[in-house]
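Here's protein-v7.txt, which has compact mmCIF, C-alpha atoms and all ligand atoms:
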```txt
# COMPACT_ATOMS: atom_id res chain seq x y z
CA MET Q 1 -10.89 -15.27 24.48
CA PRO Q 2 -9.55 -11.69 24.28
CA GLU Q 3 -11.94 -8.79 24.60
CA VAL Q 4 -13.15 -7.83 21.12
CA ALA Q 5 -14.56 -4.63 19.66
CA LYS Q 6 -18.32 -4.63 19.37
CA ALA Q 7 -18.81 -1.75 16.97
CA PRO Q 8 -18.43 -2.11 13.20
CA HIS Q 9 -15.24 -0.51 11.92
CA GLY Q 10 -16.07 3.00 10.77
CA TRP Q 11 -13.04 4.51 9.05
CA ARG Q 12 -12.73 4.56 5.29
CA PRO Q 13 -9.60 5.38 3.30
CA ALA Q 14 -10.00 7.71 0.34
CA ARG Q 15 -7.47 5.59 -1.54
CA PHE Q 16 -6.46 2.02 -0.72
CA LEU Q 17 -4.11 -0.53 -2.22
CA VAL Q 18 -4.67 -4.26 -1.80
CA ILE Q 19 -1.43 -6.28 -2.08
CA THR Q 20 -1.82 -10.04 -2.49
CA ALA Q 21 0.27 -13.07 -3.36
CA HIS Q 22 -1.99 -14.87 -5.86
CA PRO Q 23 -4.88 -14.21 -8.20
CA ASP Q 24 -7.99 -15.03 -6.07
CA ASP Q 25 -6.46 -13.98 -2.72
CA ALA Q 26 -8.16 -10.59 -3.01
CA GLU Q 27 -11.57 -12.28 -3.42
CA PHE Q 28 -10.98 -14.92 -0.75
CA GLY Q 29 -9.73 -11.95 1.31
CA PRO Q 30 -11.12 -8.42 1.70
CA ALA Q 31 -13.29 -8.16 -1.44
CA ALA Q 32 -16.55 -7.12 0.18
CA THR Q 33 -14.75 -4.43 2.18
CA ALA Q 34 -13.12 -3.16 -1.01
CA ALA Q 35 -16.50 -3.12 -2.76
CA LYS Q 36 -18.13 -1.28 0.17
CA TRP Q 37 -15.44 1.39 0.26
CA ILE Q 38 -15.46 1.82 -3.52
CA ASP Q 39 -19.26 2.17 -3.50
CA ALA Q 40 -18.87 4.90 -0.87
CA GLY Q 41 -16.40 6.84 -3.05
CA SER Q 42 -12.97 5.38 -2.30
CA ILE Q 43 -10.55 4.53 -5.08
CA GLY Q 44 -9.04 1.05 -4.82
CA ARG Q 45 -6.27 -0.66 -6.72
CA LEU Q 46 -4.98 -4.22 -6.60
CA VAL Q 47 -1.38 -5.45 -6.76
CA CYS Q 48 -1.00 -9.18 -7.38
CA CYS Q 49 2.57 -10.31 -6.78
CA THR Q 50 2.43 -13.66 -8.61
CA SER Q 51 0.19 -14.79 -11.43
CA GLY Q 52 -0.52 -18.14 -9.81
CA ASP Q 53 1.49 -20.20 -12.28
CA GLN Q 54 1.66 -23.16 -9.86
CA GLY Q 55 -2.05 -23.09 -9.09
CA GLY Q 56 -2.94 -26.40 -10.73
CA GLU Q 57 -2.53 -30.10 -10.18
CA ASP Q 58 -1.09 -31.13 -13.56
CA ALA Q 59 2.72 -31.21 -13.87
CA ASP Q 60 2.36 -31.08 -17.67
CA LEU Q 61 0.33 -27.88 -17.64
CA ASP Q 62 2.17 -24.94 -19.20
CA PRO Q 63 2.70 -22.49 -16.33
CA LEU Q 64 2.63 -19.46 -18.62
CA THR Q 65 -0.74 -20.50 -20.06
CA LEU Q 66 -2.08 -20.97 -16.54
CA ALA Q 67 -0.67 -17.57 -15.50
CA ALA Q 68 -2.42 -15.88 -18.43
CA THR Q 69 -5.71 -17.60 -17.53
CA ARG Q 70 -5.41 -16.58 -13.92
CA GLU Q 71 -4.59 -12.96 -14.75
CA ALA Q 72 -7.70 -12.81 -16.92
CA GLU Q 73 -9.76 -14.31 -14.08
CA GLN Q 74 -8.30 -11.84 -11.58
CA SER Q 75 -8.91 -8.85 -13.82
CA ALA Q 76 -12.54 -9.90 -14.36
CA ALA Q 77 -13.03 -10.30 -10.60
CA ALA Q 78 -11.40 -6.93 -9.93
CA ALA Q 79 -13.78 -5.26 -12.38
CA ILE Q 80 -16.77 -6.65 -10.45
CA ILE Q 81 -15.39 -5.27 -7.19
CA GLY Q 82 -14.69 -1.93 -8.87
CA TYR Q 83 -10.92 -1.59 -8.56
CA GLU Q 84 -9.47 1.05 -10.90
CA GLY Q 85 -6.93 -1.54 -12.09
CA VAL Q 86 -4.62 -4.43 -11.28
CA SER Q 87 -0.81 -4.52 -11.35
CA TYR Q 88 0.81 -7.94 -11.86
CA LEU Q 89 4.36 -8.12 -10.55
CA HIS Q 90 5.12 -11.57 -12.03
CA GLN Q 91 6.96 -13.00 -9.06
CA PRO Q 92 7.37 -16.82 -9.08
CA ASP Q 93 4.39 -18.66 -7.59
CA GLY Q 94 5.45 -20.74 -4.60
CA ALA Q 95 8.83 -19.05 -4.43
CA VAL Q 96 8.23 -15.37 -3.63
CA ALA Q 97 11.20 -13.86 -1.79
CA ASN Q 98 11.08 -10.73 0.34
CA ASP Q 99 14.09 -9.30 -1.44
CA LEU Q 100 15.07 -5.76 -2.40
CA PRO Q 101 13.85 -6.05 -6.02
CA LEU Q 102 10.33 -6.95 -4.81
CA ARG Q 103 10.45 -4.19 -2.21
CA GLU Q 104 11.36 -1.68 -4.91
CA LEU Q 105 8.48 -2.87 -7.10
CA LEU Q 106 6.06 -2.45 -4.18
CA VAL Q 107 7.45 0.96 -3.26
CA ARG Q 108 6.89 2.01 -6.88
CA GLU Q 109 3.26 0.89 -6.69
CA ILE Q 110 2.71 2.67 -3.37
CA ARG Q 111 4.35 5.92 -4.44
CA ALA Q 112 2.55 5.94 -7.80
CA PHE Q 113 -0.93 5.26 -6.36
CA ARG Q 114 -0.45 7.05 -2.97
CA PRO Q 115 -2.91 5.08 -0.82
CA ASP Q 116 -4.04 6.03 2.69
CA ALA Q 117 -4.32 2.35 3.57
CA VAL Q 118 -2.72 -0.88 2.41
CA LEU Q 119 -4.58 -4.18 2.82
CA THR Q 120 -2.41 -7.29 2.79
CA HIS Q 121 -1.84 -10.74 4.29
CA ASP Q 122 -1.04 -10.88 8.01
CA PRO Q 123 2.63 -11.93 7.85
CA ASP Q 124 2.60 -13.23 11.43
CA VAL Q 125 0.38 -16.19 10.59
CA LEU Q 126 2.30 -19.42 10.07
CA PHE Q 127 -0.52 -21.67 11.30
CA TYR Q 128 -4.15 -20.55 11.12
CA ALA Q 129 -5.93 -20.54 14.47
CA GLY Q 130 -8.72 -22.59 12.92
CA GLY Q 131 -6.27 -25.15 11.51
CA GLY Q 132 -4.01 -25.32 8.48
CA VAL Q 133 -0.71 -23.86 7.31
CA ASN Q 134 -0.51 -20.39 5.75
CA HIS Q 135 1.08 -20.51 2.27
CA THR Q 136 4.69 -19.32 2.12
CA ASP Q 137 3.80 -16.71 -0.52
CA HIS Q 138 1.07 -15.24 1.71
CA ARG Q 139 3.51 -14.82 4.58
CA THR Q 140 6.25 -13.47 2.33
CA VAL Q 141 4.06 -10.99 0.47
CA GLY Q 142 2.64 -9.79 3.80
CA ILE Q 143 6.05 -8.97 5.20
CA ALA Q 144 7.25 -7.56 1.87
CA ALA Q 145 4.25 -5.22 1.78
CA VAL Q 146 4.83 -4.12 5.37
CA ASP Q 147 8.51 -3.47 4.65
CA ALA Q 148 7.60 -1.47 1.55
CA VAL Q 149 5.04 0.62 3.46
CA PHE Q 150 7.39 1.27 6.36
CA PRO Q 151 9.92 2.69 6.10
CA ALA Q 152 10.82 2.43 2.41
CA ALA Q 153 7.86 4.18 0.73
CA ARG Q 154 8.16 7.21 3.00
CA ASN Q 155 11.94 7.45 2.94
CA PRO Q 156 13.36 9.49 0.03
CA MET Q 157 16.73 7.82 0.52
CA ALA Q 158 15.29 4.35 -0.01
CA PHE Q 159 15.72 3.50 -3.71
CA PRO Q 160 16.77 7.13 -4.41
CA ALA Q 161 16.37 6.73 -8.17
CA LEU Q 162 12.60 6.56 -7.58
CA ALA Q 163 12.39 9.98 -5.94
CA GLN Q 164 14.87 11.36 -8.45
CA GLY Q 165 12.62 10.04 -11.20
CA GLY Q 166 9.54 11.77 -9.82
CA LEU Q 167 8.03 9.15 -7.46
CA ALA Q 168 7.95 11.25 -4.29
CA PRO Q 169 7.96 9.55 -0.87
CA HIS Q 170 4.53 8.65 0.45
CA ARG Q 171 3.22 7.91 3.96
CA VAL Q 172 0.67 5.11 4.18
CA ARG Q 173 -1.33 5.73 7.37
CA ARG Q 174 -2.81 2.33 8.05
CA LEU Q 175 -2.37 -1.38 7.39
CA TYR Q 176 -5.35 -3.71 7.31
CA LEU Q 177 -4.09 -7.29 7.64
CA PHE Q 178 -6.48 -10.03 6.52
CA TRP Q 179 -6.60 -13.76 7.37
CA SER Q 180 -5.23 -12.80 10.78
CA ASN Q 181 -5.21 -14.83 13.96
CA ALA Q 182 -5.56 -11.59 15.91
CA PRO Q 183 -8.39 -9.56 14.31
CA ASP Q 184 -9.41 -6.35 16.03
CA ALA Q 185 -11.45 -4.53 13.36
CA TRP Q 186 -14.61 -5.87 11.72
CA VAL Q 187 -16.21 -4.22 8.69
CA ASP Q 188 -19.94 -4.65 8.14
CA VAL Q 189 -20.07 -5.96 4.57
CA THR Q 190 -23.65 -7.20 4.55
CA ASP Q 191 -24.55 -4.98 1.58
CA THR Q 192 -21.64 -6.03 -0.65
CA TYR Q 193 -21.22 -9.69 0.26
CA ASP Q 194 -22.97 -10.92 -2.88
CA ARG Q 195 -20.41 -9.01 -4.99
CA ARG Q 196 -17.59 -10.88 -3.27
CA ILE Q 197 -19.21 -14.18 -4.26
CA ASP Q 198 -19.84 -12.98 -7.82
CA ALA Q 199 -16.18 -11.95 -8.10
CA LEU Q 200 -15.01 -15.28 -6.69
CA ARG Q 201 -16.92 -17.08 -9.42
CA CYS Q 202 -14.53 -15.50 -11.97
CA HIS Q 203 -11.73 -17.76 -10.68
CA VAL Q 204 -12.98 -20.72 -12.68
CA SER Q 205 -9.59 -22.47 -12.82
CA GLN Q 206 -9.44 -22.58 -9.02
CA LEU Q 207 -12.99 -23.60 -8.15
CA HIS Q 208 -13.12 -27.36 -7.96
CA HIS Q 209 -16.54 -27.41 -6.29
CA PRO Q 210 -18.24 -24.20 -7.44
CA GLU Q 211 -21.61 -25.51 -6.23
CA ARG Q 212 -20.29 -25.38 -2.67
CA LEU Q 213 -18.77 -21.90 -2.99
CA ASP Q 214 -21.81 -19.93 -1.93
CA GLU Q 215 -22.39 -21.87 1.28
CA ARG Q 216 -18.71 -21.89 2.23
CA ILE Q 217 -18.12 -18.19 1.69
CA ARG Q 218 -21.36 -17.19 3.39
CA ALA Q 219 -20.33 -19.25 6.44
CA TRP Q 220 -17.04 -17.34 6.64
CA GLY Q 221 -18.80 -13.99 6.32
CA ALA Q 222 -21.36 -14.91 8.95
CA GLU Q 223 -18.60 -15.94 11.35
CA GLU Q 224 -16.73 -12.69 10.79
CA GLY Q 225 -19.91 -10.67 11.20
CA GLU Q 226 -20.73 -12.24 14.54
CA PRO Q 227 -18.46 -10.06 16.74
CA ILE Q 228 -20.27 -6.94 15.55
CA GLY Q 229 -23.71 -8.48 15.26
CA VAL Q 230 -24.21 -8.19 11.48
CA ALA Q 231 -25.13 -10.74 8.83
CA TYR Q 232 -21.75 -10.61 7.06
CA GLY Q 233 -18.44 -9.15 8.17
CA GLU Q 234 -14.78 -9.11 7.18
CA ALA Q 235 -12.15 -9.15 9.92
CA PHE Q 236 -8.80 -7.38 9.98
CA ARG Q 237 -5.87 -6.78 12.24
CA LEU Q 238 -5.54 -3.01 12.07
CA VAL Q 239 -2.18 -1.26 12.37
CA VAL Q 240 -2.34 2.52 12.62
CA ILE Q 241 1.06 3.85 11.60
CA ASP Q 242 0.29 7.57 11.60
CA GLU Q 243 -1.92 8.86 14.40
CA ASP Q 244 -1.66 12.35 12.92
CA GLU Q 245 -4.75 12.45 10.74
CA GLU Q 246 -5.88 16.09 10.61
CA ASP Q 247 -6.25 15.78 6.84
CA ALA Q 248 -7.55 12.25 7.13
CA PRO Q 249 -9.96 10.78 4.63
CA GLU Q 250 -13.63 10.60 5.45
CA VAL Q 251 -15.26 8.22 7.86
CA VAL Q 252 -17.90 5.87 6.44
ZN ZN W 301 -3.06 -17.45 -2.20
```
Translate the structure described by the file into C-alpha cells.
Amino acid sequence: MPEVAKAPHGWRPARFLVITAHPDDAEFGPAATAAKWIDAGSIGRLVCCTSGDQGGEDADLDPLTLAATREAEQSAAAAIIGYEGVSYLHQPDGAVANDLPLRELLVREIRAFRPDAVLTHDPDVLFYAGGGVNHTDHRTVGIAAVDAVFPAARNPMAFPALAQGGLAPHRVRRLYLFWSNAPDAWVDVTDTYDRRIDALRCHVSQLHHPERLDERIRAWGAEEGEPIGVAYGEAFRLVVIDEDEEDAPEVV
C-alpha cells in the first residue's frame, strides 16, 4: 500500500464546478463534499453531460421521456446539495465522445462560471481497483473535462469566438478527480453525509433497491473516512495545476 495522507483535506474553493457524465453521478460521487463547501460559503454548479437516456432496462422505453425524468431527478438532488444550478449538455448516453464540440461546450461552462476547482471523473480508471469496469462515459467525460480545463479554458486562442464574444479565458487552479484508484486527498464529510443520501433518494428511476441505499452508501463513506480517521469521508485524486495562489480562496 502507498503511503497515504493522514490529515483531512483542508482547502476549499470559493467557486467549484462539478462535471459528470450522467444524472446521479454527482450524488454517487462528491455530493457530501459539495454540500460541505457550499455550507461554508462556496458557490457550486453542476454540469451533467448526458441526461441518462439509456439508464433503463426496457428497450421500448422512450429515451426522451426517461431523459426528462432523469433531469428532473438530478435538479431535485442538486437543490438538496445547494448547487446554484445545473447545466445539461445533452450528449448521447453511452456514446459520449471527447470531441471538439463537447470541449467547446465545457469551455463555455468554465469561462462563464469561472471556478477555482473542477471536480470530475478520474479519466485514468478503466478498471476499478475494487472490481468492475468504469463506464465509457465516465472515462470520456473525465478526459473531456481535463482537456477543457487545460489548456483550452485558459487559452484565448482556443475557440476564439468565445473570447471575442465576451467569455474571457479562465484558469482553473485545481482538479479533484473522484472514483479514483489513486486517491490522495480525503475530505471529512461527516456533517453533510446525510444530505448526500437524501439527494441520492431523488434518483427514483435508478434506485432498484432503495431500502439498501442507506447501508451501501454509508459503507462507502466509512471506508473513505478511514484514512483520515473520521466517520465519513470522500476521496479524491488532487491535481494542482496552478501553484501560484496568492489570491487563493479561503481554507476551510
Ligand atoms: Zn454514471
Quiz item: For Arg108 of chain Q, which of Q:Ser42, Q:Arg154, Q:Leu162, Q:Asp53 is the closest residue, counting all atoms listed in the file?
Solution: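 The shortest atom-to-atom distance to Arg108 of chain Q comes from Q:Leu162.
Atom pair atom CA of Gln91 of chain Q / atom CA of Val107 of chain Q has a distance of 15.1 Å (rounded to one decimal).
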What's around Ala35 of chain Q at 10 Å? Count all atoms listed in the file, leave out sequence neighbours fewer than 5 positions away in its own chain, and write the answer as a PDB file with C-alpha atoms, in the coordinates of the input.
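Heads up, here's the output in part-v6.pdb:
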```pdb
ATOM      1  CA  PRO Q  30     -11.120  -8.420   1.700  1.00  0.00           C
ATOM      2  CA  ALA Q  40     -18.870   4.900  -0.870  1.00  0.00           C
ATOM      3  CA  GLY Q  41     -16.400   6.840  -3.050  1.00  0.00           C
ATOM      4  CA  SER Q  42     -12.970   5.380  -2.300  1.00  0.00           C
ATOM      5  CA  ILE Q  43     -10.550   4.530  -5.080  1.00  0.00           C
ATOM      6  CA  GLY Q  44      -9.040   1.050  -4.820  1.00  0.00           C
ATOM      7  CA  ALA Q  78     -11.400  -6.930  -9.930  1.00  0.00           C
ATOM      8  CA  ILE Q  80     -16.770  -6.650 -10.450  1.00  0.00           C
ATOM      9  CA  ILE Q  81     -15.390  -5.270  -7.190  1.00  0.00           C
ATOM     10  CA  GLY Q  82     -14.690  -1.930  -8.870  1.00  0.00           C
ATOM     11  CA  TYR Q  83     -10.920  -1.590  -8.560  1.00  0.00           C
ATOM     12  CA  VAL Q 189     -20.070  -5.960   4.570  1.00  0.00           C
ATOM     13  CA  ASP Q 191     -24.550  -4.980   1.580  1.00  0.00           C
ATOM     14  CA  THR Q 192     -21.640  -6.030  -0.650  1.00  0.00           C
ATOM     15  CA  TYR Q 193     -21.220  -9.690   0.260  1.00  0.00           C
ATOM     16  CA  ARG Q 195     -20.410  -9.010  -4.990  1.00  0.00           C
ATOM     17  CA  ARG Q 196     -17.590 -10.880  -3.270  1.00  0.00           C
TER      18      ARG Q 196
END
```
Quiz item: Nearest to ligand ZN 301 (chain W) among Q:Val240, Q:Ala68, Q:Cys48, Q:Val204, with distances taken over all atoms listed in the file: which residue is it?
Solution: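 Nearest candidate to ligand ZN 301 (chain W) out of Q:Val240, Q:Ala68, Q:Cys48, Q:Val204: Q:Cys48.
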For the contact check between chain Q and ligand ZN 301 (chain W), emit one row per residue of chain Q within 6 Å, containing the shortest atom pair and the distance in Å rounded to one decimal, counting only C-alpha atoms and all ligand atoms, chain then rising number order, as CSV.
```
residue,atom,partner,partner_atom,distance
Q:Ala21,CA,W:ZN301,ZN,5.6
Q:His22,CA,W:ZN301,ZN,4.6
Q:Asp25,CA,W:ZN301,ZN,4.9
```
Quiz item: So which one's closest to Gly165 of chain Q, Q:Ala34, Q:Pro23, Q:Ala112, Q:Ile228? Using only C-alpha atoms, please.
Solution: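 Among the listed residues, the smallest separation from Gly165 of chain Q belongs to Q:Ala112.
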Self-check item: Using all atoms listed in the file: which of Q:Trp37, Q:Trp186, Q:Phe28, Q:Trp220 has the shortest distance to Pro13 of chain Q
Solution: Q:Trp37
Self-check item: Nearest candidate to Ile217 of chain Q (options Q:Ala152, Q:Ile197, Q:Ala97, Q:Val230; using all atoms listed in the file)
Solution: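 Counting all atoms listed in the file, the residue closest to Ile217 of chain Q is Q:Ile197.
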Self-check item: Residue among Q:Glu57, Q:Glu104, Q:Asp188, Q:Glu84 lying closest to Gly225 of chain Q, counting all atoms listed in the file
Solution: Q:Asp188
Exercise. Extract, using all atoms listed in the file, all DNA, RNA and protein residues at most 12 Å from Glu226 of chain Q, discarding same-chain residues fewer than 2 positions from it, and format them as a count of residues only.
Key: 24
Show which residues sit within 7 Å of segment 170-177 of chain Q, as a short mmCIF file (atom, residue, chain, number, x, y, z; two decimals) with C-alpha atoms, keeping the file's coordinate frame. Count all atoms listed in the file, and ignore same-chain residues fewer than 2 positions away.
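Result file out02.cif:
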```cif
data_model
loop_
_atom_site.label_atom_id
_atom_site.label_comp_id
_atom_site.auth_asym_id
_atom_site.auth_seq_id
_atom_site.Cartn_x
_atom_site.Cartn_y
_atom_site.Cartn_z
CA ARG Q 111 4.35 5.92 -4.44
CA ARG Q 114 -0.45 7.05 -2.97
CA PRO Q 115 -2.91 5.08 -0.82
CA ASP Q 116 -4.04 6.03 2.69
CA ALA Q 117 -4.32 2.35 3.57
CA VAL Q 118 -2.72 -0.88 2.41
CA LEU Q 119 -4.58 -4.18 2.82
CA THR Q 120 -2.41 -7.29 2.79
CA HIS Q 121 -1.84 -10.74 4.29
CA ASP Q 122 -1.04 -10.88 8.01
CA VAL Q 149 5.04 0.62 3.46
CA ALA Q 153 7.86 4.18 0.73
CA ARG Q 154 8.16 7.21 3.00
CA ALA Q 168 7.95 11.25 -4.29
CA TRP Q 179 -6.60 -13.76 7.37
CA SER Q 180 -5.23 -12.80 10.78
CA PHE Q 236 -8.80 -7.38 9.98
CA ARG Q 237 -5.87 -6.78 12.24
CA LEU Q 238 -5.54 -3.01 12.07
CA VAL Q 239 -2.18 -1.26 12.37
CA VAL Q 240 -2.34 2.52 12.62
CA ILE Q 241 1.06 3.85 11.60
CA ASP Q 242 0.29 7.57 11.60
#
```
Env of Leu46 of chain Q: 10 Å cut, atoms = all atoms listed in the file, seq-sep filter 3 positions within chain, self excluded. Answer as a compact mmCIF listing (two decimals) with C-alpha atoms, keeping the file's coordinate frame.
```
# COMPACT_ATOMS: atom_id res chain seq x y z
CA PHE Q 16 -6.46 2.02 -0.72
CA LEU Q 17 -4.11 -0.53 -2.22
CA VAL Q 18 -4.67 -4.26 -1.80
CA ILE Q 19 -1.43 -6.28 -2.08
CA THR Q 20 -1.82 -10.04 -2.49
CA ALA Q 26 -8.16 -10.59 -3.01
CA ALA Q 34 -13.12 -3.16 -1.01
CA CYS Q 49 2.57 -10.31 -6.78
CA GLN Q 74 -8.30 -11.84 -11.58
CA SER Q 75 -8.91 -8.85 -13.82
CA ALA Q 78 -11.40 -6.93 -9.93
CA TYR Q 83 -10.92 -1.59 -8.56
CA GLU Q 84 -9.47 1.05 -10.90
CA GLY Q 85 -6.93 -1.54 -12.09
CA VAL Q 86 -4.62 -4.43 -11.28
CA SER Q 87 -0.81 -4.52 -11.35
CA TYR Q 88 0.81 -7.94 -11.86
CA GLU Q 109 3.26 0.89 -6.69
CA VAL Q 118 -2.72 -0.88 2.41
CA LEU Q 119 -4.58 -4.18 2.82
```
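Straight-line separation from atom CA of Pro101 of chain Q to atom CA of Tyr128 of chain Q: 28.8 Å.
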Padding 3 Å on each side, edges along x, y and z: where is the centre of the box around the listed atoms of segment 231-235 of chain Q, and how long are its edges in Å to one decimal? Output it as lines of an AutoDock Vina configuration file.
```
center_x = -18.6
center_y = -9.9
center_z = 8.5
size_x = 19.0
size_y = 7.6
size_z = 8.9
```
Exercise. State, in Å with one decimal place, the distance from atom CA of His90 of chain Q to atom CA of His203 of chain Q.
Key: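 Distance reported for this atom pair: 18.0 Å.
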Exercise. Mind checking which residues fall within 7 Å of Ala67 of chain Q, counting all atoms listed in the file, ignoring those fewer than 4 positions away in the same chain, and posting them as JSON, numbers by chain?
Key: {"Q": [51, 52, 53, 63, 71]}
